[in-house]
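entry-v9.cif follows; it contains mmCIF, C-alpha atoms.
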data_data
loop_
_atom_site.group_PDB
_atom_site.id
_atom_site.type_symbol
_atom_site.label_atom_id
_atom_site.label_comp_id
_atom_site.auth_asym_id
_atom_site.auth_seq_id
_atom_site.Cartn_x
_atom_site.Cartn_y
_atom_site.Cartn_z
ATOM 1 C CA MET S 15 60.427 88.888 -20.222
ATOM 2 C CA SER S 16 58.195 91.938 -20.229
ATOM 3 C CA ARG S 17 58.461 94.699 -17.653
ATOM 4 C CA ASN S 18 55.609 93.323 -15.580
ATOM 5 C CA GLY S 19 56.840 89.756 -15.890
ATOM 6 C CA GLN S 20 53.402 88.402 -16.678
ATOM 7 C CA ASP S 21 53.998 86.879 -20.116
ATOM 8 C CA ARG S 22 55.663 83.857 -18.584
ATOM 9 C CA GLY S 23 53.191 83.341 -15.832
ATOM 10 C CA PRO S 24 52.984 84.349 -12.174
ATOM 11 C CA VAL S 25 55.792 86.394 -10.651
ATOM 12 C CA ALA S 26 56.828 84.685 -7.423
ATOM 13 C CA PHE S 27 57.644 86.871 -4.418
ATOM 14 C CA PRO S 28 60.040 84.834 -2.243
ATOM 15 C CA PHE S 29 60.665 85.772 1.346
ATOM 16 C CA PRO S 30 63.258 88.567 1.408
ATOM 17 C CA THR S 31 66.297 87.884 3.541
ATOM 18 C CA THR S 32 67.545 90.679 5.786
ATOM 19 C CA PRO S 33 71.180 90.181 6.860
ATOM 20 C CA GLY S 34 71.516 90.269 10.624
ATOM 21 C CA GLY S 35 67.772 90.214 11.284
ATOM 22 C CA PRO S 36 65.665 87.401 12.728
ATOM 23 C CA PRO S 37 65.377 84.657 10.090
ATOM 24 C CA GLY S 38 61.824 84.266 8.832
ATOM 25 C CA VAL S 39 60.293 87.607 9.791
ATOM 26 C CA GLU S 40 60.611 91.196 8.617
ATOM 27 C CA VAL S 41 58.835 94.309 9.891
ATOM 28 C CA THR S 42 58.644 97.298 7.565
ATOM 29 C CA GLY S 43 56.187 99.792 6.073
ATOM 30 C CA LEU S 44 54.403 100.167 2.739
ATOM 31 C CA PRO S 45 57.355 101.905 1.038
ATOM 32 C CA GLY S 46 59.600 99.051 2.137
ATOM 33 C CA LEU S 47 57.169 96.456 0.789
ATOM 34 C CA LEU S 48 56.879 98.217 -2.586
ATOM 35 C CA THR S 49 60.660 98.491 -2.774
ATOM 36 C CA ARG S 50 60.958 94.740 -2.281
ATOM 37 C CA ILE S 51 58.408 94.138 -5.030
ATOM 38 C CA GLY S 52 60.433 96.395 -7.308
ATOM 39 C CA ARG S 53 63.546 94.310 -6.629
ATOM 40 C CA LEU S 54 61.801 91.400 -8.330
ATOM 41 C CA GLY S 55 62.285 93.242 -11.612
ATOM 42 C CA VAL S 56 58.626 94.182 -11.954
ATOM 43 C CA ALA S 57 56.664 97.386 -11.559
ATOM 44 C CA ALA S 58 55.608 98.281 -8.021
ATOM 45 C CA ASP S 59 51.963 97.848 -9.072
ATOM 46 C CA ALA S 60 52.459 94.423 -10.697
ATOM 47 C CA PRO S 61 50.673 91.383 -9.247
ATOM 48 C CA VAL S 62 53.008 89.061 -7.360
ATOM 49 C CA ARG S 63 52.404 85.659 -5.841
ATOM 50 C CA LEU S 64 53.468 85.420 -2.214
ATOM 51 C CA GLU S 65 55.622 82.617 -0.866
ATOM 52 C CA PHE S 66 55.101 83.816 2.715
ATOM 53 C CA HIS S 67 52.476 85.428 4.951
ATOM 54 C CA LEU S 68 51.912 89.173 4.578
ATOM 55 C CA LEU S 69 50.197 91.134 7.332
ATOM 56 C CA LEU S 70 49.262 94.802 6.879
ATOM 57 C CA ALA S 71 47.867 97.053 9.604
ATOM 58 C CA VAL S 72 46.609 100.373 8.234
ATOM 59 C CA ARG S 73 47.446 103.279 10.523
ATOM 60 C CA SER S 74 45.890 106.099 8.521
ATOM 61 C CA GLY S 75 44.260 106.755 5.176
ATOM 62 C CA LEU S 76 42.752 104.116 2.907
ATOM 63 C CA LEU S 77 44.810 101.281 1.432
ATOM 64 C CA ARG S 78 43.593 100.036 -1.944
ATOM 65 C CA CYS S 79 44.851 96.707 -3.239
ATOM 66 C CA VAL S 80 43.781 93.552 -5.047
ATOM 67 C CA VAL S 81 44.076 90.117 -3.429
ATOM 68 C CA ASP S 82 43.508 87.287 -5.897
ATOM 69 C CA THR S 83 40.307 88.479 -7.591
ATOM 70 C CA THR S 84 39.043 90.692 -4.760
ATOM 71 C CA ASP S 85 39.342 94.482 -4.713
ATOM 72 C CA CYS S 86 40.110 95.615 -1.174
ATOM 73 C CA ALA S 87 39.802 99.000 0.441
ATOM 74 C CA VAL S 88 41.305 98.801 3.936
ATOM 75 C CA PRO S 89 40.533 101.797 6.180
ATOM 76 C CA ALA S 90 42.523 103.048 9.137
ATOM 77 C CA GLY S 91 42.334 100.469 11.895
ATOM 78 C CA GLY S 92 41.831 97.675 9.380
ATOM 79 C CA TRP S 93 44.034 94.618 8.902
ATOM 80 C CA LEU S 94 44.797 92.553 5.835
ATOM 81 C CA TRP S 95 46.282 89.042 6.009
ATOM 82 C CA VAL S 96 47.465 87.663 2.671
ATOM 83 C CA ARG S 97 48.467 84.002 2.596
ATOM 84 C CA PRO S 98 51.193 82.091 0.736
ATOM 85 C CA GLY S 99 50.044 81.297 -2.792
ATOM 86 C CA GLN S 100 47.746 84.296 -3.041
ATOM 87 C CA PHE S 101 48.310 87.138 -5.487
ATOM 88 C CA VAL S 102 48.535 90.699 -4.246
ATOM 89 C CA ARG S 103 48.707 93.913 -6.240
ATOM 90 C CA PHE S 104 48.835 97.586 -5.269
ATOM 91 C CA PRO S 105 47.340 99.528 -8.217
ATOM 92 C CA GLY S 106 49.446 102.539 -9.030
ATOM 93 C CA GLY S 107 52.225 101.443 -6.682
ATOM 94 C CA SER S 108 53.582 104.200 -4.447
ATOM 95 C CA GLY S 109 51.782 106.745 -6.595
ATOM 96 C CA GLY S 110 48.386 105.021 -6.376
ATOM 97 C CA GLY S 111 46.355 103.360 -3.635
ATOM 98 C CA ALA S 112 49.396 102.761 -1.461
ATOM 99 C CA ALA S 113 50.139 106.489 -1.445
ATOM 100 C CA ASP S 114 46.847 107.160 0.328
ATOM 101 C CA ALA S 115 47.711 105.117 3.382
ATOM 102 C CA GLU S 116 50.282 104.576 6.091
ATOM 103 C CA ALA S 117 50.588 100.990 7.271
ATOM 104 C CA SER S 118 52.770 98.663 9.268
ATOM 105 C CA VAL S 119 53.814 95.575 7.325
ATOM 106 C CA VAL S 120 54.900 92.212 8.723
ATOM 107 C CA LEU S 121 56.284 89.525 6.433
ATOM 108 C CA PHE S 122 56.793 86.113 7.973
ATOM 109 C CA GLN S 123 57.204 82.431 7.269
ATOM 110 C CA ALA S 124 55.251 79.808 9.177
ATOM 111 C CA SER S 125 58.542 78.034 9.922
ATOM 112 C CA PHE S 126 59.561 80.963 12.144
ATOM 113 C CA LEU S 127 56.814 80.056 14.620
ATOM 114 C CA ASP S 128 56.311 77.120 16.967
ATOM 115 C CA ALA S 129 53.850 74.339 16.210
ATOM 116 C CA ALA S 130 51.312 75.504 18.802
ATOM 117 C CA THR S 131 51.125 78.965 17.202
ATOM 118 C CA VAL S 132 50.856 77.508 13.707
ATOM 119 C CA ALA S 133 47.849 75.477 14.854
ATOM 120 C CA GLY S 134 46.248 78.122 17.082
ATOM 121 C CA ALA S 135 46.598 80.906 14.495
ATOM 122 C CA HIS S 136 45.231 78.644 11.738
ATOM 123 C CA LEU S 137 48.198 79.190 9.439
ATOM 124 C CA ASP S 138 47.019 76.276 7.312
ATOM 125 C CA ARG S 139 44.043 78.345 6.153
ATOM 126 C CA ARG S 140 44.326 79.067 2.433
ATOM 127 C CA ALA S 141 42.624 82.454 2.656
ATOM 128 C CA TRP S 142 41.261 84.902 5.212
ATOM 129 C CA ARG S 143 38.604 87.538 5.535
ATOM 130 C CA LEU S 144 39.330 90.611 3.418
ATOM 131 C CA PRO S 145 39.840 92.913 5.218
ATOM 132 C CA MET S 146 39.453 92.579 9.004
ATOM 133 C CA SER S 147 38.170 95.442 11.142
ATOM 134 C CA PRO S 148 38.467 94.528 14.830
ATOM 135 C CA ALA S 149 36.058 96.008 17.326
ATOM 136 C CA PRO S 150 37.652 98.617 19.657
ATOM 137 C CA GLU S 151 38.010 96.200 22.565
ATOM 138 C CA ALA S 152 39.921 93.769 20.324
ATOM 139 C CA ALA S 153 41.814 96.446 18.384
ATOM 140 C CA ARG S 154 43.635 97.924 21.364
ATOM 141 C CA PRO S 155 45.511 94.745 22.380
ATOM 142 C CA LEU S 156 46.416 94.148 18.738
ATOM 143 C CA GLU S 157 47.812 97.658 18.356
ATOM 144 C CA ARG S 158 49.838 97.412 21.573
ATOM 145 C CA THR S 159 51.304 94.069 20.536
ATOM 146 C CA LEU S 160 52.181 95.366 17.069
ATOM 147 C CA GLU S 161 53.897 98.402 18.570
ATOM 148 C CA GLN S 162 55.940 96.139 20.838
ATOM 149 C CA LEU S 163 56.836 93.905 17.901
ATOM 150 C CA GLU S 164 57.964 96.875 15.801
ATOM 151 C CA SER S 165 60.016 98.299 18.652
ATOM 152 C CA GLU S 166 61.687 94.990 19.469
ATOM 153 C CA TYR S 167 62.394 94.179 15.821
ATOM 154 C CA HIS S 168 64.205 97.481 15.261
ATOM 155 C CA HIS S 169 66.309 97.258 18.452
ATOM 156 C CA LEU S 170 68.462 94.303 17.532
ATOM 157 C CA ARG S 171 71.406 95.231 19.725
ATOM 158 C CA ASP S 172 69.484 95.659 22.968
ATOM 159 C CA LEU S 173 69.601 91.919 23.706
ATOM 160 C CA PRO S 174 71.754 88.917 22.788
ATOM 161 C CA LEU S 175 70.744 87.781 19.303
ATOM 162 C CA GLU S 176 69.126 84.513 20.374
ATOM 163 C CA VAL S 177 67.094 86.337 23.034
ATOM 164 C CA HIS S 178 66.082 89.040 20.556
ATOM 165 C CA VAL S 179 64.876 86.405 18.082
ATOM 166 C CA ALA S 180 62.912 84.627 20.821
ATOM 167 C CA VAL S 181 61.205 87.856 21.910
ATOM 168 C CA VAL S 182 60.257 88.717 18.308
ATOM 169 C CA ARG S 183 58.918 85.188 17.829
ATOM 170 C CA HIS S 184 56.771 85.402 20.964
ATOM 171 C CA LEU S 185 55.412 88.854 20.133
ATOM 172 C CA LEU S 186 54.534 87.759 16.594
ATOM 173 C CA ALA S 187 52.835 84.667 18.033
ATOM 174 C CA VAL S 188 50.703 86.806 20.371
ATOM 175 C CA LEU S 189 49.746 89.112 17.503
ATOM 176 C CA LEU S 190 48.738 86.263 15.197
ATOM 177 C CA LEU S 191 46.858 84.313 17.851
ATOM 178 C CA ARG S 192 44.823 87.396 18.742
ATOM 179 C CA LEU S 193 44.163 88.321 15.128
ATOM 180 C CA ALA S 194 43.192 84.802 14.070
ATOM 181 C CA ASN S 195 40.739 84.448 16.929
ATOM 182 C CA LEU S 196 38.926 87.770 16.920
ATOM 183 C CA PRO S 197 35.570 87.758 18.723
ATOM 184 C CA GLY S 198 32.784 87.149 16.260
ATOM 185 C CA GLY S 199 35.242 86.127 13.558
ATOM 186 C CA GLN S 200 35.033 83.282 11.116
ATOM 187 C CA ARG S 201 34.797 79.871 12.650
ATOM 188 C CA ARG S 202 37.474 77.529 11.532
ATOM 189 C CA HIS S 203 36.289 74.317 9.943
ATOM 190 C CA ALA S 204 39.254 72.119 10.715
ATOM 191 C CA GLY S 205 37.462 68.886 9.955
ATOM 192 C CA ASP S 206 38.645 65.464 10.979
ATOM 193 C CA ALA S 207 41.886 63.776 10.006
ATOM 194 C CA ALA S 208 40.407 62.476 6.755
ATOM 195 C CA PHE S 209 39.483 65.976 5.576
ATOM 196 C CA ARG S 210 42.807 67.498 6.625
ATOM 197 C CA ARG S 211 44.740 64.853 4.721
ATOM 198 C CA PHE S 212 42.481 65.268 1.701
ATOM 199 C CA ARG S 213 42.773 69.059 1.803
ATOM 200 C CA ASP S 214 46.573 68.893 1.920
ATOM 201 C CA ALA S 215 46.697 66.320 -0.875
ATOM 202 C CA VAL S 216 44.453 68.472 -3.077
ATOM 203 C CA GLU S 217 46.643 71.511 -2.483
ATOM 204 C CA GLU S 218 49.674 69.517 -3.559
ATOM 205 C CA ASP S 219 48.193 67.692 -6.547
ATOM 206 C CA PHE S 220 45.110 69.541 -7.842
ATOM 207 C CA THR S 221 46.892 70.369 -11.105
ATOM 208 C CA ARG S 222 47.483 66.667 -11.722
ATOM 209 C CA ASP S 223 44.525 64.831 -10.173
ATOM 210 C CA HIS S 224 40.977 66.137 -10.671
ATOM 211 C CA GLN S 225 39.074 63.073 -9.468
ATOM 212 C CA VAL S 226 38.187 62.107 -5.907
ATOM 213 C CA GLU S 227 38.944 58.462 -6.686
ATOM 214 C CA ALA S 228 42.652 59.225 -7.139
ATOM 215 C CA TYR S 229 42.898 60.874 -3.723
ATOM 216 C CA ALA S 230 40.826 58.162 -2.046
ATOM 217 C CA ALA S 231 43.131 55.453 -3.378
ATOM 218 C CA ARG S 232 46.265 57.337 -2.342
ATOM 219 C CA LEU S 233 45.034 58.197 1.147
ATOM 220 C CA GLY S 234 43.368 54.889 1.897
ATOM 221 C CA TYR S 235 39.792 56.150 2.219
ATOM 222 C CA SER S 236 36.658 55.423 0.254
ATOM 223 C CA VAL S 237 35.182 58.126 -1.966
ATOM 224 C CA ARG S 238 32.150 58.158 0.307
ATOM 225 C CA SER S 239 34.314 58.741 3.392
ATOM 226 C CA LEU S 240 36.127 61.687 1.798
ATOM 227 C CA THR S 241 32.863 63.186 0.591
ATOM 228 C CA ARG S 242 31.313 62.855 4.041
ATOM 229 C CA ALA S 243 34.383 64.374 5.742
ATOM 230 C CA THR S 244 34.547 67.289 3.299
ATOM 231 C CA ASN S 245 30.854 68.012 3.620
ATOM 232 C CA ALA S 246 31.161 68.070 7.397
ATOM 233 C CA ALA S 247 34.167 70.394 7.305
ATOM 234 C CA VAL S 248 33.267 72.933 4.628
ATOM 235 C CA GLY S 249 29.761 72.134 3.444
ATOM 236 C CA ARG S 250 30.941 71.020 0.019
ATOM 237 C CA GLY S 251 31.431 67.577 -1.460
ATOM 238 C CA ALA S 252 34.903 66.236 -2.198
ATOM 239 C CA LYS S 253 34.591 66.711 -5.972
ATOM 240 C CA ALA S 254 33.267 70.250 -5.536
ATOM 241 C CA PHE S 255 36.218 70.971 -3.226
ATOM 242 C CA ILE S 256 38.676 69.940 -5.951
ATOM 243 C CA ASP S 257 36.778 71.912 -8.577
ATOM 244 C CA ASP S 258 36.696 75.010 -6.352
ATOM 245 C CA ARG S 259 40.488 74.882 -6.049
ATOM 246 C CA LEU S 260 40.864 74.571 -9.820
ATOM 247 C CA VAL S 261 38.522 77.504 -10.441
ATOM 248 C CA LEU S 262 40.398 79.665 -7.927
ATOM 249 C CA GLU S 263 43.722 78.922 -9.588
ATOM 250 C CA ALA S 264 42.273 79.526 -13.042
ATOM 251 C CA LYS S 265 40.894 82.906 -11.958
ATOM 252 C CA ARG S 266 44.222 83.893 -10.438
ATOM 253 C CA LEU S 267 46.093 83.089 -13.639
ATOM 254 C CA LEU S 268 43.491 84.688 -15.898
ATOM 255 C CA LEU S 269 43.445 87.932 -13.958
ATOM 256 C CA HIS S 270 47.095 88.288 -13.003
ATOM 257 C CA THR S 271 48.982 86.895 -16.011
ATOM 258 C CA HIS S 272 48.857 87.182 -19.794
ATOM 259 C CA LEU S 273 49.006 83.420 -20.245
ATOM 260 C CA PRO S 274 46.662 82.213 -22.999
ATOM 261 C CA ALA S 275 43.817 79.886 -22.047
ATOM 262 C CA SER S 276 45.696 77.007 -23.680
ATOM 263 C CA ALA S 277 48.693 77.500 -21.367
ATOM 264 C CA ILE S 278 46.468 77.781 -18.299
ATOM 265 C CA ALA S 279 44.624 74.626 -19.322
ATOM 266 C CA ASP S 280 47.949 72.830 -19.552
ATOM 267 C CA ARG S 281 49.161 74.173 -16.176
ATOM 268 C CA LEU S 282 45.961 72.974 -14.515
ATOM 269 C CA GLY S 283 46.138 69.501 -15.998
ATOM 270 C CA PHE S 284 43.302 69.668 -18.521
ATOM 271 C CA SER S 285 43.629 67.580 -21.677
ATOM 272 C CA SER S 286 42.710 70.470 -23.948
ATOM 273 C CA THR S 287 41.631 74.096 -24.016
ATOM 274 C CA THR S 288 38.147 72.965 -24.969
ATOM 275 C CA VAL S 289 37.825 70.750 -21.895
ATOM 276 C CA PHE S 290 39.132 73.559 -19.661
ATOM 277 C CA THR S 291 36.752 76.104 -21.178
ATOM 278 C CA ARG S 292 33.791 73.762 -20.721
ATOM 279 C CA PHE S 293 34.798 73.112 -17.083
ATOM 280 C CA PHE S 294 35.259 76.810 -16.299
ATOM 281 C CA ARG S 295 32.036 77.904 -17.958
ATOM 282 C CA LEU S 296 29.999 75.212 -16.216
ATOM 283 C CA ARG S 297 31.198 76.394 -12.812
ATOM 284 C CA THR S 298 31.294 80.165 -13.334
ATOM 285 C CA THR S 299 28.814 80.784 -16.213
ATOM 286 C CA GLU S 300 31.633 82.615 -18.060
ATOM 287 C CA THR S 301 34.278 81.538 -20.517
ATOM 288 C CA PRO S 302 37.874 81.956 -19.312
ATOM 289 C CA LEU S 303 38.503 84.878 -21.667
ATOM 290 C CA GLY S 304 35.137 86.405 -20.827
ATOM 291 C CA PHE S 305 36.073 86.312 -17.148
ATOM 292 C CA ARG S 306 39.476 87.855 -17.919
ATOM 293 C CA ARG S 307 37.951 90.765 -19.838
ATOM 294 C CA ARG S 308 35.301 91.469 -17.214
ATOM 295 C CA ALA S 309 37.602 91.069 -14.204
ATOM 296 C CA ARG S 310 40.287 93.305 -15.668
ATOM 297 C CA THR S 311 37.730 95.943 -16.565
ATOM 298 C CA ASP S 312 36.317 95.853 -13.039
ATOM 299 C CA THR S 313 39.791 96.012 -11.477
ATOM 300 C CA SER S 314 40.915 98.895 -13.708
ATOM 301 C CA HIS S 315 38.147 101.010 -12.200
ATOM 302 C CA GLY S 316 39.764 100.672 -8.773
ATOM 303 C CA ALA S 317 38.670 99.113 -5.532
ATOM 304 C CA PRO S 318 35.345 100.282 -4.157
#
What would you get if you wrote out this structure as structure tokens?
Amino acid sequence: MSRNGQDRGPVAFPFPTTPGGPPGVEVTGLPGLLTRIGRLGVAADAPVRLEFHLLLAVRSGLLRCVVDTTDCAVPAGGWLWVRPGQFVRFPGGSGGGAADAEASVVLFQASFLDAATVAGAHLDRRAWRLPMSPAPEAARPLERTLEQLESEYHHLRDLPLEVHVAVVRHLLAVLLLRLANLPGGQRRHAGDAAFRRFRDAVEEDFTRDHQVEAYAARLGYSVRSLTRATNAAVGRGAKAFIDDRLVLEAKRLLLHTHLPASAIADRLGFSSTTVFTRFFRLRTTETPLGFRRRARTDTSHGAP
């Protein structure tokens, strides 16, 4: 494998385990995060695919990073929430964009939280606004809660372990619930049960099933019902929803790996490179390799 690990596809970033700490959450800073990326055997500025939630709160400076195909410049007071399955990259590592900022970093797994928090903080969302800049009246409670979380996390011996874990869990829940429901923020389109089941099935099987009919048969709905439910939830038809997920995954792999178009076509369940290229061009107006060249050129110039 090459130094950056890209020749064989995405580099997975599993949740790091900290002996003696609360299971499912870790609170650190940017240097700690970059160190953990380095332990994967890749460069600190290599793109990695998260298997957990990553929350960054910039304290000072300007944090430059890339999330999926989006260049981000997060100023002081800004927040960035990267979801499981998304790629993240810090160009230049500790000597680049990350060196210009100081930030608090929270890594956590949804399983660490209770069901009410998972629902109320919309942890099933596949992506989030990039970045978030809370208004002053919303920023102050967030900052106070984060400070409490950091303090509690790093004072393990002040309480019995089970109590310490419970306090950390509650503080993280407060932080996430506030952040996910900022005034004037994005409205969540939860949709009805039909859409939620369809959405989850697509996330699980979009590399194998590209047709609405397959999901309708498996879930026990008609194609019309799924299309109606998806339109109501996200303003897109069921087939467009599947195609959007395929395009997103294709863009991630094209930008963040060196996999040839033929390998990406195979990973995404297309019968041939030609069929994949035709699909991608129809929906983006670019060929896969044309997108790769342009996106990498844009990214190499740095985040705006």
Name every residue that the PyMOL selection byres ((chain S and resi 155) around 12) selects in this structure, writing the answer as a compact mmCIF listing (two decimals) with C-alpha atoms, in the coordinates of the input with chains first and numbers rising.
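Printed below is out_30.txt as written:
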# COMPACT_ATOMS: atom_id res chain seq x y z
CA PRO S 148 38.47 94.53 14.83
CA ALA S 149 36.06 96.01 17.33
CA PRO S 150 37.65 98.62 19.66
CA GLU S 151 38.01 96.20 22.56
CA ALA S 152 39.92 93.77 20.32
CA ALA S 153 41.81 96.45 18.38
CA ARG S 154 43.64 97.92 21.36
CA LEU S 156 46.42 94.15 18.74
CA GLU S 157 47.81 97.66 18.36
CA ARG S 158 49.84 97.41 21.57
CA THR S 159 51.30 94.07 20.54
CA LEU S 160 52.18 95.37 17.07
CA GLU S 161 53.90 98.40 18.57
CA GLN S 162 55.94 96.14 20.84
CA LEU S 185 55.41 88.85 20.13
CA VAL S 188 50.70 86.81 20.37
CA LEU S 189 49.75 89.11 17.50
CA LEU S 190 48.74 86.26 15.20
CA LEU S 191 46.86 84.31 17.85
CA ARG S 192 44.82 87.40 18.74
CA LEU S 193 44.16 88.32 15.13
CA LEU S 196 38.93 87.77 16.92
Quiz item: Counting only C-alpha atoms, which of S:Glu263, S:Glu227, S:Glu40, S:Asp257 gets nearest to His67 (chain S)?
Solution: S:Glu40
Exercise. Go ahead and compute the interatomic distance for CA of Arg310 (chain S) and CA of Arg73 (chain S), in Å to one decimal.
Key: 28.9 Å
Self-check item: Atomic distance CA of Pro28 (chain S) - CA of Phe66 (chain S), expressed in Å with one decimal
Solution: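 So the two atoms, CA of Pro28 (chain S) and CA of Phe66 (chain S), lie 7.1 Å apart.
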Exercise. Do a neighbour search on Pro274 (chain S) at 12 Å with all atoms listed in the file, toss out local chain neighbours closer than 5 positions, and write the hits as a list in words.
Key: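 So, after excluding close chain neighbours, the residues are Gln20, Asp21, Arg22, Gly23, Ala264, Leu267, Leu268, Leu269, Ala279, Asp280, Arg281, Thr287, Phe290, Thr291, Pro302, Leu303 and Arg306 of chain S.
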Quiz prompt | Sel. within 10 Å of pt (40.0, 94.4, -0.7), counting all atoms listed in the file, output as a list in words | solution = Leu77, Arg78, Cys79, Val80, Val81, Asp82, Thr83, Thr84, Asp85, Cys86, Ala87, Val88, Leu94, Val102, Arg143, Leu144, Pro145, Met146, Ala317 and Pro318 of chain S
Quiz item: Could you state the separation of CA of Ala129 (chain S) and CA of Leu186 (chain S) in Å, given to one decimal place?
Solution: 13.4 Å
Practice problem: Using only C-alpha atoms, find the one residue out of S:Gly234, S:Gly106, S:Gly91, S:Gly99 that sits nearest to Asp59 (chain S). | Solution: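 Smallest separation from Asp59 (chain S) among the options: S:Gly106.
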Quiz item: When distances are computed from only C-alpha atoms, which of S:Asp206, S:Val56, S:Ser236, S:Phe220 shows the smallest separation from Leu282 (chain S)?
Solution: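 Among the listed residues, the smallest separation from Leu282 (chain S) belongs to S:Phe220.
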Coordinate excerpt as a PDB file, in the first residue's frame: region 168-215 of chain S, C-alpha atoms:
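Contents of decode_16.pdb, freshly written:
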ATOM      1  CA  HIS S 168     -10.534  15.057  31.772  1.00  0.00           C
ATOM      2  CA  HIS S 169     -11.390  14.571  35.472  1.00  0.00           C
ATOM      3  CA  LEU S 170     -12.054  10.859  35.440  1.00  0.00           C
ATOM      4  CA  ARG S 171     -11.177  10.246  39.072  1.00  0.00           C
ATOM      5  CA  ASP S 172     -13.437  12.897  40.576  1.00  0.00           C
ATOM      6  CA  LEU S 173     -16.462  10.575  40.499  1.00  0.00           C
ATOM      7  CA  PRO S 174     -17.162   6.834  40.459  1.00  0.00           C
ATOM      8  CA  LEU S 175     -16.630   5.587  36.907  1.00  0.00           C
ATOM      9  CA  GLU S 176     -20.284   4.851  36.165  1.00  0.00           C
ATOM     10  CA  VAL S 177     -21.285   8.310  37.416  1.00  0.00           C
ATOM     11  CA  HIS S 178     -18.511   9.955  35.398  1.00  0.00           C
ATOM     12  CA  VAL S 179     -19.676   8.180  32.235  1.00  0.00           C
ATOM     13  CA  ALA S 180     -23.282   9.222  32.890  1.00  0.00           C
ATOM     14  CA  VAL S 181     -22.304  12.874  33.370  1.00  0.00           C
ATOM     15  CA  VAL S 182     -20.243  12.876  30.149  1.00  0.00           C
ATOM     16  CA  ARG S 183     -23.152  11.261  28.302  1.00  0.00           C
ATOM     17  CA  HIS S 184     -25.612  13.884  29.547  1.00  0.00           C
ATOM     18  CA  LEU S 185     -23.315  16.811  28.766  1.00  0.00           C
ATOM     19  CA  LEU S 186     -22.666  15.485  25.256  1.00  0.00           C
ATOM     20  CA  ALA S 187     -26.422  15.041  24.790  1.00  0.00           C
ATOM     21  CA  VAL S 188     -27.073  18.669  25.791  1.00  0.00           C
ATOM     22  CA  LEU S 189     -24.358  19.884  23.422  1.00  0.00           C
ATOM     23  CA  LEU S 190     -25.673  17.890  20.465  1.00  0.00           C
ATOM     24  CA  LEU S 191     -29.321  18.733  21.069  1.00  0.00           C
ATOM     25  CA  ARG S 192     -28.495  22.441  21.173  1.00  0.00           C
ATOM     26  CA  LEU S 193     -26.251  22.289  18.124  1.00  0.00           C
ATOM     27  CA  ALA S 194     -28.681  20.241  16.040  1.00  0.00           C
ATOM     28  CA  ASN S 195     -31.548  22.599  16.778  1.00  0.00           C
ATOM     29  CA  LEU S 196     -29.981  26.016  16.352  1.00  0.00           C
ATOM     30  CA  PRO S 197     -32.466  28.850  15.795  1.00  0.00           C
ATOM     31  CA  GLY S 198     -32.900  29.481  12.106  1.00  0.00           C
ATOM     32  CA  GLY S 199     -31.104  26.258  11.227  1.00  0.00           C
ATOM     33  CA  GLN S 200     -31.980  23.687   8.634  1.00  0.00           C
ATOM     34  CA  ARG S 201     -35.344  22.087   9.039  1.00  0.00           C
ATOM     35  CA  ARG S 202     -35.223  18.368   9.278  1.00  0.00           C
ATOM     36  CA  HIS S 203     -37.255  16.490   6.710  1.00  0.00           C
ATOM     37  CA  ALA S 204     -37.881  13.306   8.632  1.00  0.00           C
ATOM     38  CA  GLY S 205     -40.637  12.096   6.355  1.00  0.00           C
ATOM     39  CA  ASP S 206     -43.094   9.371   7.190  1.00  0.00           C
ATOM     40  CA  ALA S 207     -42.319   5.760   8.001  1.00  0.00           C
ATOM     41  CA  ALA S 208     -42.242   4.795   4.325  1.00  0.00           C
ATOM     42  CA  PHE S 209     -39.530   7.348   3.535  1.00  0.00           C
ATOM     43  CA  ARG S 210     -37.455   6.493   6.607  1.00  0.00           C
ATOM     44  CA  ARG S 211     -37.486   2.806   5.732  1.00  0.00           C
ATOM     45  CA  PHE S 212     -36.651   3.580   2.113  1.00  0.00           C
ATOM     46  CA  ARG S 213     -33.838   5.943   3.099  1.00  0.00           C
ATOM     47  CA  ASP S 214     -32.276   3.336   5.390  1.00  0.00           C
ATOM     48  CA  ALA S 215     -32.620   0.607   2.768  1.00  0.00           C
TER      49      ALA S 215
END
